[in-house]
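The structure appears right after this line, and notes come after that.
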Amino acid sequence: MNETSKLSLLQSVVRAAGLDGWLLYDFRGLNPFPAQLLKLGGGILTRRWFLYVPAEGDATLIHHRIEAGTWQHLLPDENITRELFAAHEELDAALRATLRGVKRIAIEYSPMGEVPYVSYVDGGTLERVRACGVEVVSSANLLQYFLKWGEGDRQAHDLAVQGVIHAKDLAFRLIHERLVAGQRVTELQAQELIVRELAGRRLEFDHPPIVAFGSHASDGHYAPSVETDRALEWGQCVLIDLWAGLRDRPMADITWVGFAGEPAEEYLRAWEAVRDARDLAIQLLTTRAVEAGWQVDRAARDLISSRGFGPDFRHRLGHSLGRNFPHGQSVNLDDWETHDTRSLLPGLAVTIEPGVYPGPFGVRSEVNLLLTEAGGVVTTPIQRAPYPLGTDRAFADS
C-alpha cells in the first residue's frame, strides 16, 4: 500500500489494535463511516461494496462490475487490489479469497448493540463475513482515532466558548434586571436574546437554545414555543442550555441555572447532588482514573442515587462534543441509555452534564472537557452556585 494514500492511517490503526484487518462495508450510504474515512467525493454507488484494509500489505476493494468506472474515479489508488463481482456467488468467492487465512477483523457493528452509534453493518452481512471463517470485532475504538481534534480546533472551540458564555451572561442579566424592576420576562425573550448574540458572533447551531422556567426545566429537551412560552414567577427555577460553534469546528455546549429569588431548600439539595456528580466526573477524567465512557456515568449516577435523586436522573451523564451538531460520533459518558465501552482517547472531547428533574423544577450543570495525554482539561467555566436572580447577590457566587 502506498504510504501517502488515504488508507495508510487506517492500516496503522489496525496494527495498533492488534488486528489482522479492517473490513469497511457500505450499501447505499447505510454505513456513513467508510465514505468519511476514505473521503469519497462525488459518484453514484448503488451496489454493496467492501474494502479490506490489512495490517500489512495492499488493501482489497470488492465492488460490482457495473460500477468499475465510478470506483476508478473515487479511489484511484493503483496499489489497491480490485476484485469485481456481478453474481452473488462471485461476491462470496471474492470475500473468501480476500479473507483466506485471516483471523480477527474489525467491522462497524457493536455486540448486542451496546454502542448503536457505530453499529451500521446489518446482521445478514455479518453472517456472510463470518461464513468466511473470521472472528469479527467492533471497530468502535478504531473509528475514534479519526474523530480527534486537529490543528486549530482548540482555538475555534475557545472562540465558541467565549460566545456562548457571553450570551448566557446576557440572558441571565436580562432575567435578573426584569425581576428587580418588577417587569415581565419570558422564556422566548431570553431565547431570542441568546440567538441574536450568537448570530452576531457568526456562531452556528442546529437548534435554538433551551430556556426553561419552573416545571419546564424538568423536561430535559424542552423547547420554548409560542404555545408553551412562560413568564417567570418568583420562586421558580431557570435553566439555560445553549450550544454553538464555528462551522466544521468543535462546538461549545453549556448549561447554567438560576432561581427567581433565594433558592428553595429542596432545589439546593438537588443542585448539590448535581454539582458533586459533575465534579466527581471531572476528577475521574482529569486524573485518568477510568478508561471507558460508561465508568464515568456509573460513578456520577451512583453519587446522585446516594443523595436520593436516582430516579430523577433520567439521561446519560454526557455526550461526545461534535462539529456543527452538539452530539458527536465518539465516546459518550453513558451507562444508562447505552453501555458505552469505547475508550476515552486523548484528542476527543465530551460534555459532563448531570441533571435531576423531580417535576416542579429541574437542575443541570454542563461543562466541556478535552481529553489529553496528561488527563482531561475543562474548557468551559464551571458554575459554582445557582444564580439567586432578583437579589443583591445574584452573580456573586458563580
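Every chain in the C-alpha cells has a letter given in the order shown (A, B, ...), and although residue numbers restart at 1 in each chain, ligands are simply numbered from 1 in the order shown.
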Query raised in the report: Within 12 Å of A:Asn31, counting only C-alpha atoms, which residues qualify if same-chain residues fewer than 2 places away don't, as a list of chain:residue names?
Result: A:Leu24, A:Tyr25, A:Asp26, A:Phe27, A:Arg28, A:Gly29, A:Phe33, A:Pro34, A:Ala35, A:Gln36, A:Leu37, A:Arg48, A:Trp49, A:Phe50, A:Ile107, A:Glu108, A:Tyr109, A:Pro116, A:Tyr117, A:Val118, A:Ser119, A:Tyr120, A:Val121, A:Asp122
Report task. Run DSSP on the backbone and grab whatever in stretch 166-326 of chain A lands in strand (DSSP E or B); send it over as an NGL selection string. Result -> :A and (186 or 204 or 210-213 or 231 or 237-245 or 250 or 252-260 or 292 or 318 or 320-321 or 323)
Which residues are near stretch 243-254 of chain A? Cut-off 8 Å, only C-alpha atoms, ignore same chain within fewer than 4 positions. Put them as a PDB file with N, CA and C atoms, in the first residue's frame.
```pdb
ATOM      1  N   TRP A 149      -9.557  15.853  17.834  1.00  0.00           N
ATOM      2  CA  TRP A 149      -9.350  17.250  17.477  1.00  0.00           C
ATOM      3  C   TRP A 149      -8.021  17.397  16.749  1.00  0.00           C
ATOM      4  N   ASP A 153      -8.458  23.337  16.143  1.00  0.00           N
ATOM      5  CA  ASP A 153      -9.747  23.003  16.759  1.00  0.00           C
ATOM      6  C   ASP A 153      -9.894  23.610  18.154  1.00  0.00           C
ATOM      7  N   ARG A 154      -8.834  23.570  18.947  1.00  0.00           N
ATOM      8  CA  ARG A 154      -8.948  24.127  20.299  1.00  0.00           C
ATOM      9  C   ARG A 154      -9.190  25.634  20.235  1.00  0.00           C
ATOM     10  N   ALA A 156     -10.636  27.324  17.841  1.00  0.00           N
ATOM     11  CA  ALA A 156     -12.008  27.557  17.380  1.00  0.00           C
ATOM     12  C   ALA A 156     -13.017  27.261  18.478  1.00  0.00           C
ATOM     13  N   HIS A 157     -12.767  26.193  19.231  1.00  0.00           N
ATOM     14  CA  HIS A 157     -13.644  25.853  20.349  1.00  0.00           C
ATOM     15  C   HIS A 157     -13.637  26.952  21.401  1.00  0.00           C
ATOM     16  N   ASP A 158     -12.458  27.499  21.691  1.00  0.00           N
ATOM     17  CA  ASP A 158     -12.367  28.559  22.690  1.00  0.00           C
ATOM     18  C   ASP A 158     -13.167  29.793  22.268  1.00  0.00           C
ATOM     19  N   LEU A 159     -13.169  30.112  20.980  1.00  0.00           N
ATOM     20  CA  LEU A 159     -13.986  31.226  20.490  1.00  0.00           C
ATOM     21  C   LEU A 159     -15.468  30.936  20.699  1.00  0.00           C
ATOM     22  N   ALA A 160     -15.864  29.680  20.457  1.00  0.00           N
ATOM     23  CA  ALA A 160     -17.260  29.297  20.685  1.00  0.00           C
ATOM     24  C   ALA A 160     -17.617  29.394  22.162  1.00  0.00           C
ATOM     25  N   VAL A 161     -16.692  28.979  23.021  1.00  0.00           N
ATOM     26  CA  VAL A 161     -16.926  29.073  24.470  1.00  0.00           C
ATOM     27  C   VAL A 161     -17.146  30.525  24.874  1.00  0.00           C
ATOM     28  N   VAL A 164     -20.754  31.550  23.736  1.00  0.00           N
ATOM     29  CA  VAL A 164     -21.902  31.012  24.470  1.00  0.00           C
ATOM     30  C   VAL A 164     -21.921  31.525  25.913  1.00  0.00           C
ATOM     31  N   LEU A 198     -25.462  35.067  19.472  1.00  0.00           N
ATOM     32  CA  LEU A 198     -24.682  34.043  18.785  1.00  0.00           C
ATOM     33  C   LEU A 198     -24.550  34.360  17.298  1.00  0.00           C
ATOM     34  N   ARG A 202     -21.315  35.143  14.574  1.00  0.00           N
ATOM     35  CA  ARG A 202     -21.225  34.177  13.478  1.00  0.00           C
ATOM     36  C   ARG A 202     -21.010  32.753  13.990  1.00  0.00           C
ATOM     37  N   LEU A 203     -21.602  32.470  15.131  1.00  0.00           N
ATOM     38  CA  LEU A 203     -21.597  31.116  15.662  1.00  0.00           C
ATOM     39  C   LEU A 203     -22.870  30.415  15.211  1.00  0.00           C
ATOM     40  N   GLU A 204     -22.734  29.165  14.824  1.00  0.00           N
ATOM     41  CA  GLU A 204     -23.853  28.422  14.259  1.00  0.00           C
ATOM     42  C   GLU A 204     -24.345  27.364  15.235  1.00  0.00           C
ATOM     43  N   PHE A 205     -25.614  26.991  15.086  1.00  0.00           N
ATOM     44  CA  PHE A 205     -26.215  25.967  15.936  1.00  0.00           C
ATOM     45  C   PHE A 205     -27.344  25.321  15.148  1.00  0.00           C
ATOM     46  N   PRO A 209     -31.513  27.679  21.602  1.00  0.00           N
ATOM     47  CA  PRO A 209     -31.195  27.207  22.954  1.00  0.00           C
ATOM     48  C   PRO A 209     -32.430  26.877  23.778  1.00  0.00           C
ATOM     49  N   LEU A 321     -18.529  15.649  22.025  1.00  0.00           N
ATOM     50  CA  LEU A 321     -18.732  17.003  21.541  1.00  0.00           C
ATOM     51  C   LEU A 321     -18.491  17.024  20.042  1.00  0.00           C
ATOM     52  N   GLY A 322     -19.523  17.416  19.295  1.00  0.00           N
ATOM     53  CA  GLY A 322     -19.454  17.300  17.849  1.00  0.00           C
ATOM     54  C   GLY A 322     -19.085  18.585  17.130  1.00  0.00           C
ATOM     55  N   ARG A 323     -19.079  18.481  15.807  1.00  0.00           N
ATOM     56  CA  ARG A 323     -18.885  19.611  14.912  1.00  0.00           C
ATOM     57  C   ARG A 323     -20.208  19.864  14.194  1.00  0.00           C
ATOM     58  N   ASN A 324     -20.656  21.109  14.201  1.00  0.00           N
ATOM     59  CA  ASN A 324     -21.923  21.514  13.578  1.00  0.00           C
ATOM     60  C   ASN A 324     -23.144  21.040  14.349  1.00  0.00           C
ATOM     61  N   PHE A 325     -23.016  19.954  15.063  1.00  0.00           N
ATOM     62  CA  PHE A 325     -24.065  19.457  15.948  1.00  0.00           C
ATOM     63  C   PHE A 325     -23.434  19.220  17.319  1.00  0.00           C
ATOM     64  N   PRO A 326     -24.157  19.471  18.402  1.00  0.00           N
ATOM     65  CA  PRO A 326     -23.539  19.308  19.724  1.00  0.00           C
ATOM     66  C   PRO A 326     -23.147  17.869  20.027  1.00  0.00           C
ATOM     67  N   THR A 351     -19.031  16.283  26.868  1.00  0.00           N
ATOM     68  CA  THR A 351     -19.731  17.122  27.838  1.00  0.00           C
ATOM     69  C   THR A 351     -19.899  16.324  29.125  1.00  0.00           C
ATOM     70  N   SER A 365     -26.079  20.948  35.309  1.00  0.00           N
ATOM     71  CA  SER A 365     -24.860  21.723  35.143  1.00  0.00           C
ATOM     72  C   SER A 365     -24.014  21.045  34.083  1.00  0.00           C
ATOM     73  N   GLU A 366     -23.569  21.822  33.096  1.00  0.00           N
ATOM     74  CA  GLU A 366     -22.862  21.230  31.960  1.00  0.00           C
ATOM     75  C   GLU A 366     -21.573  21.976  31.667  1.00  0.00           C
ATOM     76  N   VAL A 367     -20.488  21.199  31.572  1.00  0.00           N
ATOM     77  CA  VAL A 367     -19.195  21.723  31.156  1.00  0.00           C
ATOM     78  C   VAL A 367     -18.663  20.867  30.014  1.00  0.00           C
ATOM     79  N   ASN A 368     -17.656  21.366  29.334  1.00  0.00           N
ATOM     80  CA  ASN A 368     -16.975  20.622  28.275  1.00  0.00           C
ATOM     81  C   ASN A 368     -15.582  20.253  28.744  1.00  0.00           C
ATOM     82  N   THR A 380     -14.515  24.976  29.612  1.00  0.00           N
ATOM     83  CA  THR A 380     -15.566  25.966  29.841  1.00  0.00           C
ATOM     84  C   THR A 380     -15.568  26.387  31.307  1.00  0.00           C
TER      85      THR A 380
END
```
Skipping near chain neighbours, those fewer than 3 positions away, what residues fall within 8 Å of A:Gly359 using only C-alpha atoms, listed as a JSON list (two decimals) with N, CA and C atoms, in the first residue's frame?
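The resulting out-v9.json:
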```json
[["chain", "number", "residue", "atom", "x", "y", "z"],
["A", 215, "SER", "N", -41.43, 24.29, 36.08],
["A", 215, "SER", "CA", -41.56, 22.87, 35.75],
["A", 215, "SER", "C", -41.07, 22.54, 34.35],
["A", 218, "SER", "N", -37.90, 20.60, 34.08],
["A", 218, "SER", "CA", -37.85, 19.16, 34.36],
["A", 218, "SER", "C", -37.93, 18.33, 33.09],
["A", 362, "GLY", "N", -36.20, 21.54, 37.61],
["A", 362, "GLY", "CA", -35.12, 20.72, 37.08],
["A", 362, "GLY", "C", -33.82, 21.47, 37.24]]
```
Query - Contacts of A:Gln189 at 12 Å (only C-alpha atoms; same-chain gap of 2+ positions) as a list in words - result: Leu170, Ala171, Phe172, Leu174, Ile175, Arg178, Arg184, Val185, Thr186, Glu187, Gln191, Glu192, Leu193, Ile194, Val195, Arg196, Pro209, Ile210, Val211, Ala212, Pro224, Ser225, Val226, Asp229, Arg230, Ala231 and Leu232 of chain A
Query raised in the report: Quick one: residues within 8 Å of A:Gln11, only C-alpha atoms counted, chain neighbours fewer than 5 positions away excluded, as an MDAnalysis selection string?
Result: chainID A and resid 21 53:56
Take the selection from the previous step and output its residues with C-alpha atoms, as a CSV table (one decimal), in the first residue's frame.
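Result file follows (selection-v9.csv):
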```
chain,number,residue,atom,x,y,z
A,21,GLY,CA,-7.5,-6.1,9.3
A,53,VAL,CA,-7.5,-3.0,4.9
A,54,PRO,CA,-5.0,-5.5,6.3
A,55,ALA,CA,-2.4,-4.8,8.9
A,56,GLU,CA,0.2,-5.4,6.3
```
**Report entry** Non-local contacts of A:Ile62 (9 Å; only C-alpha atoms; under 5 positions in same chain excluded) as a list in words
**Finding:**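 In the requested form, the answer reads Arg48, Trp49, Phe50, Leu51, Tyr52, Thr81, Arg82, Glu83, Leu84, Phe85, Leu91, Ala94, Leu95 and Thr98 of chain A.
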Convert the current residue selection to file output with C-alpha atoms, as a CSV table (one decimal), in the first residue's frame.
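File written: out16.csv
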```csv
chain,number,residue,atom,x,y,z
A,48,ARG,CA,-22.8,-3.0,-2.0
A,49,TRP,CA,-19.0,-2.9,-1.7
A,50,PHE,CA,-16.2,-3.9,0.7
A,51,LEU,CA,-12.8,-2.6,1.3
A,52,TYR,CA,-10.5,-4.8,3.3
A,81,THR,CA,-6.2,-4.9,-5.5
A,82,ARG,CA,-9.6,-4.9,-7.1
A,83,GLU,CA,-12.0,-7.8,-7.1
A,84,LEU,CA,-15.1,-7.4,-9.3
A,85,PHE,CA,-18.3,-9.3,-9.0
A,91,LEU,CA,-19.2,-11.8,-4.2
A,94,ALA,CA,-14.2,-12.7,-3.6
A,95,LEU,CA,-14.8,-12.4,0.1
A,98,THR,CA,-9.7,-11.9,0.4
```
Closest contacts (stretch 216-236 of chain A/stretch 381-393 of chain A, max 12 Å, only C-alpha atoms) as a tab-separated table:
```
residue	atom	partner	partner_atom	distance
A:Leu232	CA	A:Leu389	CA	10.9
A:Glu233	CA	A:Gly390	CA	10.9
A:Trp234	CA	A:Gly390	CA	8.8
A:Gly235	CA	A:Leu389	CA	10.0
A:Gln236	CA	A:Leu389	CA	10.1
```
**Report entry** alpha helix (DSSP H) residues, from DSSP on the backbone, in stretch 229-342 of chain A, as a VMD selection string
**Finding:** chain A and resid 265 to 286 293 to 306
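Interatomic distance, atom CA of A:Ala68 to atom CA of A:Lys103: 29.0 Å.
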